[in-house]
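**Student:** Data file run-v9.cif (mmCIF, N, CA and C atoms) is appended below.
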data_model
loop_
_atom_site.label_atom_id
_atom_site.label_comp_id
_atom_site.auth_asym_id
_atom_site.auth_seq_id
_atom_site.Cartn_x
_atom_site.Cartn_y
_atom_site.Cartn_z
N MET A 1 -73.34 -63.51 -130.76
CA MET A 1 -72.45 -62.38 -130.89
C MET A 1 -71.01 -62.85 -130.68
N GLU A 2 -70.12 -62.33 -131.45
CA GLU A 2 -68.72 -62.72 -131.38
C GLU A 2 -68.01 -61.96 -130.26
N GLU A 3 -67.16 -62.67 -129.54
CA GLU A 3 -66.42 -62.05 -128.43
C GLU A 3 -65.31 -61.18 -128.98
N VAL A 4 -65.16 -59.98 -128.43
CA VAL A 4 -64.12 -59.04 -128.87
C VAL A 4 -62.89 -59.25 -128.00
N THR A 5 -61.75 -59.45 -128.65
CA THR A 5 -60.50 -59.65 -127.93
C THR A 5 -59.84 -58.30 -127.69
N GLN A 6 -59.40 -58.10 -126.47
CA GLN A 6 -58.76 -56.84 -126.10
C GLN A 6 -57.37 -56.74 -126.72
N PRO A 7 -56.93 -55.54 -127.07
CA PRO A 7 -55.59 -55.37 -127.65
C PRO A 7 -54.46 -55.83 -126.74
N LYS A 8 -54.67 -55.76 -125.41
CA LYS A 8 -53.59 -56.18 -124.50
C LYS A 8 -53.31 -57.68 -124.62
N VAL A 9 -54.31 -58.47 -125.01
CA VAL A 9 -54.09 -59.90 -125.21
C VAL A 9 -53.16 -60.11 -126.39
N TYR A 10 -53.39 -59.37 -127.47
CA TYR A 10 -52.51 -59.48 -128.64
C TYR A 10 -51.10 -58.99 -128.31
N PHE A 11 -50.99 -57.96 -127.51
CA PHE A 11 -49.68 -57.46 -127.11
C PHE A 11 -48.93 -58.51 -126.29
N ARG A 12 -49.64 -59.15 -125.35
CA ARG A 12 -49.00 -60.21 -124.54
C ARG A 12 -48.57 -61.39 -125.40
N MET A 13 -49.41 -61.77 -126.35
CA MET A 13 -49.05 -62.90 -127.20
C MET A 13 -47.88 -62.54 -128.12
N CYS A 14 -47.81 -61.28 -128.52
CA CYS A 14 -46.65 -60.84 -129.30
C CYS A 14 -45.38 -60.94 -128.47
N ILE A 15 -45.45 -60.55 -127.20
CA ILE A 15 -44.30 -60.66 -126.30
C ILE A 15 -43.90 -62.12 -126.12
N VAL A 16 -44.90 -63.00 -125.96
CA VAL A 16 -44.63 -64.44 -125.81
C VAL A 16 -43.95 -64.99 -127.06
N LEU A 17 -44.45 -64.61 -128.23
CA LEU A 17 -43.85 -65.09 -129.48
C LEU A 17 -42.44 -64.55 -129.67
N LEU A 18 -42.21 -63.31 -129.28
CA LEU A 18 -40.85 -62.76 -129.36
C LEU A 18 -39.91 -63.47 -128.39
N ALA A 19 -40.39 -63.82 -127.21
CA ALA A 19 -39.58 -64.57 -126.25
C ALA A 19 -39.25 -65.97 -126.79
N LEU A 20 -40.23 -66.61 -127.41
CA LEU A 20 -39.97 -67.92 -128.00
C LEU A 20 -39.02 -67.82 -129.19
N LEU A 21 -39.11 -66.72 -129.94
CA LEU A 21 -38.16 -66.49 -131.03
C LEU A 21 -36.75 -66.33 -130.48
N ALA A 22 -36.60 -65.57 -129.39
CA ALA A 22 -35.28 -65.40 -128.77
C ALA A 22 -34.76 -66.74 -128.25
N LEU A 23 -35.65 -67.55 -127.69
CA LEU A 23 -35.25 -68.88 -127.21
C LEU A 23 -34.79 -69.76 -128.37
N THR A 24 -35.48 -69.69 -129.49
CA THR A 24 -35.07 -70.45 -130.68
C THR A 24 -33.70 -70.00 -131.15
N TRP A 25 -33.47 -68.70 -131.14
CA TRP A 25 -32.19 -68.16 -131.56
C TRP A 25 -31.07 -68.59 -130.61
N LEU A 26 -31.34 -68.60 -129.31
CA LEU A 26 -30.34 -69.02 -128.33
C LEU A 26 -30.03 -70.51 -128.44
N ILE A 27 -31.06 -71.30 -128.73
CA ILE A 27 -30.86 -72.75 -128.86
C ILE A 27 -29.91 -73.07 -130.01
N ALA A 28 -29.93 -72.24 -131.04
CA ALA A 28 -29.07 -72.46 -132.19
C ALA A 28 -27.60 -72.33 -131.83
N TYR A 29 -27.28 -71.57 -130.78
CA TYR A 29 -25.89 -71.35 -130.39
C TYR A 29 -25.44 -72.21 -129.21
N VAL A 30 -26.36 -72.97 -128.62
CA VAL A 30 -26.02 -73.83 -127.48
C VAL A 30 -25.98 -75.28 -127.96
N ASP A 31 -24.91 -75.97 -127.61
CA ASP A 31 -24.79 -77.37 -128.01
C ASP A 31 -25.43 -78.25 -126.94
N LEU A 32 -26.60 -78.78 -127.24
CA LEU A 32 -27.29 -79.68 -126.32
C LEU A 32 -27.14 -81.14 -126.74
N GLY A 33 -26.29 -81.38 -127.70
CA GLY A 33 -26.10 -82.74 -128.18
C GLY A 33 -27.33 -83.23 -128.92
N PRO A 34 -27.79 -84.42 -128.58
CA PRO A 34 -28.95 -84.97 -129.29
C PRO A 34 -30.27 -84.28 -128.93
N PHE A 35 -30.26 -83.41 -127.91
CA PHE A 35 -31.49 -82.76 -127.49
C PHE A 35 -31.75 -81.45 -128.23
N ASN A 36 -30.85 -81.02 -129.10
CA ASN A 36 -31.08 -79.79 -129.87
C ASN A 36 -32.37 -79.88 -130.67
N LEU A 37 -32.56 -80.97 -131.37
CA LEU A 37 -33.76 -81.13 -132.19
C LEU A 37 -35.02 -81.19 -131.34
N ILE A 38 -34.94 -81.89 -130.22
CA ILE A 38 -36.11 -82.04 -129.35
C ILE A 38 -36.53 -80.69 -128.78
N VAL A 39 -35.57 -79.91 -128.30
CA VAL A 39 -35.89 -78.60 -127.73
C VAL A 39 -36.40 -77.65 -128.81
N ALA A 40 -35.78 -77.67 -129.98
CA ALA A 40 -36.22 -76.80 -131.07
C ALA A 40 -37.64 -77.15 -131.51
N LEU A 41 -37.96 -78.43 -131.60
CA LEU A 41 -39.31 -78.82 -131.97
C LEU A 41 -40.32 -78.47 -130.88
N ALA A 42 -39.92 -78.56 -129.63
CA ALA A 42 -40.83 -78.18 -128.54
C ALA A 42 -41.14 -76.69 -128.59
N VAL A 43 -40.14 -75.86 -128.87
CA VAL A 43 -40.37 -74.42 -128.99
C VAL A 43 -41.25 -74.13 -130.21
N ALA A 44 -41.02 -74.82 -131.31
CA ALA A 44 -41.84 -74.62 -132.52
C ALA A 44 -43.29 -75.02 -132.28
N ILE A 45 -43.50 -76.10 -131.55
CA ILE A 45 -44.87 -76.53 -131.23
C ILE A 45 -45.54 -75.50 -130.31
N ALA A 46 -44.78 -74.96 -129.36
CA ALA A 46 -45.34 -73.93 -128.47
C ALA A 46 -45.75 -72.69 -129.27
N LYS A 47 -44.92 -72.29 -130.23
CA LYS A 47 -45.27 -71.14 -131.07
C LYS A 47 -46.52 -71.43 -131.90
N ALA A 48 -46.62 -72.63 -132.44
CA ALA A 48 -47.79 -73.00 -133.24
C ALA A 48 -49.06 -73.00 -132.39
N ILE A 49 -48.96 -73.46 -131.17
CA ILE A 49 -50.13 -73.48 -130.28
C ILE A 49 -50.58 -72.06 -129.95
N VAL A 50 -49.64 -71.18 -129.65
CA VAL A 50 -49.99 -69.79 -129.35
C VAL A 50 -50.66 -69.14 -130.56
N ILE A 51 -50.11 -69.34 -131.74
CA ILE A 51 -50.69 -68.76 -132.95
C ILE A 51 -52.08 -69.32 -133.21
N ALA A 52 -52.23 -70.62 -133.08
CA ALA A 52 -53.54 -71.23 -133.35
C ALA A 52 -54.59 -70.79 -132.34
N LEU A 53 -54.24 -70.75 -131.08
CA LEU A 53 -55.23 -70.41 -130.06
C LEU A 53 -55.65 -68.94 -130.10
N PHE A 54 -54.69 -68.04 -130.26
CA PHE A 54 -55.02 -66.63 -130.11
C PHE A 54 -55.19 -65.90 -131.44
N PHE A 55 -54.31 -66.14 -132.40
CA PHE A 55 -54.40 -65.39 -133.65
C PHE A 55 -55.37 -66.03 -134.64
N MET A 56 -55.60 -67.33 -134.52
CA MET A 56 -56.61 -67.99 -135.36
C MET A 56 -57.94 -68.12 -134.62
N HIS A 57 -58.01 -67.58 -133.42
CA HIS A 57 -59.23 -67.50 -132.61
C HIS A 57 -59.87 -68.86 -132.32
N ILE A 58 -59.05 -69.87 -132.12
CA ILE A 58 -59.60 -71.17 -131.74
C ILE A 58 -60.03 -71.14 -130.28
N LYS A 59 -59.28 -70.40 -129.46
CA LYS A 59 -59.67 -70.27 -128.05
C LYS A 59 -60.95 -69.43 -127.99
N GLY A 60 -61.96 -69.97 -127.36
CA GLY A 60 -63.22 -69.26 -127.23
C GLY A 60 -64.15 -69.42 -128.42
N SER A 61 -63.84 -70.32 -129.32
CA SER A 61 -64.71 -70.52 -130.49
C SER A 61 -65.61 -71.73 -130.26
N SER A 62 -66.36 -72.08 -131.29
CA SER A 62 -67.31 -73.18 -131.18
C SER A 62 -66.60 -74.53 -131.19
N ARG A 63 -67.32 -75.54 -130.79
CA ARG A 63 -66.77 -76.89 -130.78
C ARG A 63 -66.49 -77.40 -132.19
N LEU A 64 -67.21 -76.90 -133.16
CA LEU A 64 -66.98 -77.31 -134.55
C LEU A 64 -65.60 -76.87 -135.01
N LEU A 65 -65.19 -75.67 -134.65
CA LEU A 65 -63.86 -75.19 -135.00
C LEU A 65 -62.79 -75.97 -134.25
N HIS A 66 -63.06 -76.33 -132.99
CA HIS A 66 -62.12 -77.18 -132.24
C HIS A 66 -61.96 -78.53 -132.94
N LEU A 67 -63.07 -79.09 -133.41
CA LEU A 67 -63.03 -80.37 -134.12
C LEU A 67 -62.22 -80.26 -135.40
N ALA A 68 -62.39 -79.17 -136.14
CA ALA A 68 -61.63 -78.96 -137.37
C ALA A 68 -60.14 -78.84 -137.08
N ALA A 69 -59.79 -78.15 -136.00
CA ALA A 69 -58.38 -78.00 -135.64
C ALA A 69 -57.77 -79.34 -135.23
N VAL A 70 -58.50 -80.11 -134.45
CA VAL A 70 -58.00 -81.43 -134.03
C VAL A 70 -57.89 -82.36 -135.22
N ALA A 71 -58.85 -82.31 -136.14
CA ALA A 71 -58.78 -83.14 -137.34
C ALA A 71 -57.57 -82.77 -138.18
N GLY A 72 -57.24 -81.49 -138.26
CA GLY A 72 -56.05 -81.07 -138.99
C GLY A 72 -54.77 -81.60 -138.36
N VAL A 73 -54.70 -81.58 -137.05
CA VAL A 73 -53.51 -82.10 -136.35
C VAL A 73 -53.40 -83.60 -136.53
N ILE A 74 -54.52 -84.30 -136.45
CA ILE A 74 -54.50 -85.76 -136.66
C ILE A 74 -54.06 -86.09 -138.08
N TRP A 75 -54.54 -85.33 -139.05
CA TRP A 75 -54.14 -85.55 -140.44
C TRP A 75 -52.64 -85.30 -140.62
N LEU A 76 -52.13 -84.25 -140.00
CA LEU A 76 -50.70 -83.97 -140.07
C LEU A 76 -49.89 -85.11 -139.46
N LEU A 77 -50.31 -85.62 -138.30
CA LEU A 77 -49.60 -86.74 -137.68
C LEU A 77 -49.66 -87.99 -138.54
N PHE A 78 -50.79 -88.22 -139.21
CA PHE A 78 -50.92 -89.36 -140.12
C PHE A 78 -49.93 -89.24 -141.28
N LEU A 79 -49.83 -88.07 -141.89
CA LEU A 79 -48.91 -87.88 -143.01
C LEU A 79 -47.46 -87.99 -142.56
N ILE A 80 -47.15 -87.46 -141.37
CA ILE A 80 -45.78 -87.59 -140.86
C ILE A 80 -45.44 -89.04 -140.58
N SER A 81 -46.40 -89.82 -140.06
CA SER A 81 -46.13 -91.24 -139.79
C SER A 81 -45.91 -92.00 -141.09
N LEU A 82 -46.64 -91.68 -142.13
CA LEU A 82 -46.40 -92.34 -143.42
C LEU A 82 -45.02 -92.00 -143.98
N THR A 83 -44.63 -90.73 -143.87
CA THR A 83 -43.32 -90.32 -144.35
C THR A 83 -42.21 -90.99 -143.55
N LEU A 84 -42.34 -91.03 -142.22
CA LEU A 84 -41.33 -91.69 -141.41
C LEU A 84 -41.29 -93.19 -141.67
N GLY A 85 -42.45 -93.79 -141.89
CA GLY A 85 -42.49 -95.21 -142.21
C GLY A 85 -41.74 -95.52 -143.49
N ASP A 86 -41.86 -94.66 -144.49
CA ASP A 86 -41.12 -94.84 -145.74
C ASP A 86 -39.63 -94.66 -145.51
N TYR A 87 -39.27 -93.62 -144.77
CA TYR A 87 -37.86 -93.31 -144.56
C TYR A 87 -37.16 -94.39 -143.73
N ILE A 88 -37.83 -94.89 -142.70
CA ILE A 88 -37.22 -95.89 -141.82
C ILE A 88 -37.03 -97.22 -142.51
N THR A 89 -37.96 -97.59 -143.40
CA THR A 89 -37.88 -98.91 -144.03
C THR A 89 -37.04 -98.93 -145.30
N ARG A 90 -36.45 -97.83 -145.69
CA ARG A 90 -35.58 -97.84 -146.87
C ARG A 90 -34.33 -98.66 -146.58
N GLY A 91 -33.96 -99.45 -147.55
CA GLY A 91 -32.77 -100.27 -147.40
C GLY A 91 -33.03 -101.65 -146.82
N TRP A 92 -34.29 -101.95 -146.47
CA TRP A 92 -34.60 -103.28 -145.96
C TRP A 92 -34.56 -104.31 -147.07
N VAL A 93 -34.94 -103.93 -148.25
CA VAL A 93 -34.91 -104.84 -149.40
C VAL A 93 -33.71 -104.44 -150.25
N PRO A 94 -32.76 -105.35 -150.43
CA PRO A 94 -31.57 -104.98 -151.22
C PRO A 94 -31.94 -104.81 -152.70
N LEU A 95 -31.32 -103.82 -153.32
CA LEU A 95 -31.53 -103.59 -154.73
C LEU A 95 -30.49 -104.35 -155.53
N ASN A 96 -30.92 -105.01 -156.59
CA ASN A 96 -29.99 -105.79 -157.43
C ASN A 96 -29.55 -104.92 -158.61
N HIS A 97 -28.39 -104.32 -158.47
CA HIS A 97 -27.85 -103.49 -159.56
C HIS A 97 -26.70 -104.17 -160.21
#
Is it possible to give me this structure as structure tokens?
**Tutor:**
Amino acid sequence: MEEVTQPKVYFRMCIVLLALLALTWLIAYVDLGPFNLIVALAVAIAKAIVIALFFMHIKGSSRLLHLAAVAGVIWLLFLISLTLGDYITRGWVPLNH
């Protein structure tokens, strides 16, 4: 039998997401120097975790769904590493024009 989530949990998660949205908005107006990107990405990751756990029902689900979620994150990290590897190594070989 599937577990029924109470409406108050969704209300709390909505409040959390709105707070993170306000934090994202405030970060845009505060100059943190080189840490702007780091803080913005940390807030975005927190929002993604809240959405995945509660709205995609990964929390409290079977281990197979946990495995699928982890495999998706690993695949995303693999693709990001390939993209960064391409971007970082550009310009190492001079072009003869």
**Student:** What does the distance from atom C of Cys14 of chain A to atom C of Ala71 of chain A come to in Å, to one decimal?
**Tutor:**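 Atom-to-atom, atom C of Cys14 of chain A and atom C of Ala71 of chain A are spaced 26.8 Å apart.
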**Student:** Could you give me, as a PyMOL selection string, each residue of chain A that DSSP assigns to alpha helix (DSSP H) when run on this structure's backbone?
**Tutor:** chain A and resi 7-29+35-50+63-88
**Student:** Could you state the separation of atom N of Gly72 of chain A and atom C of Ala52 of chain A in Å, given to one decimal place?
**Tutor:**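 Result for atom N of Gly72 of chain A versus atom C of Ala52 of chain A: 12.5 Å, one decimal.
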**Student:** If we count all atoms listed in the file, what is near Lys47 of chain A at a cut-off of 8 Å, once residues fewer than 3 positions away on the same chain are taken out, given as a PyMOL selection string?
**Tutor:** chain A and resi 16-17+20-21+41-44+50-53
**Student:** Between atom C of Gln6 of chain A and atom CA of His57 of chain A, what distance in Å does the model show, to one decimal?
**Tutor:** 12.4 Å
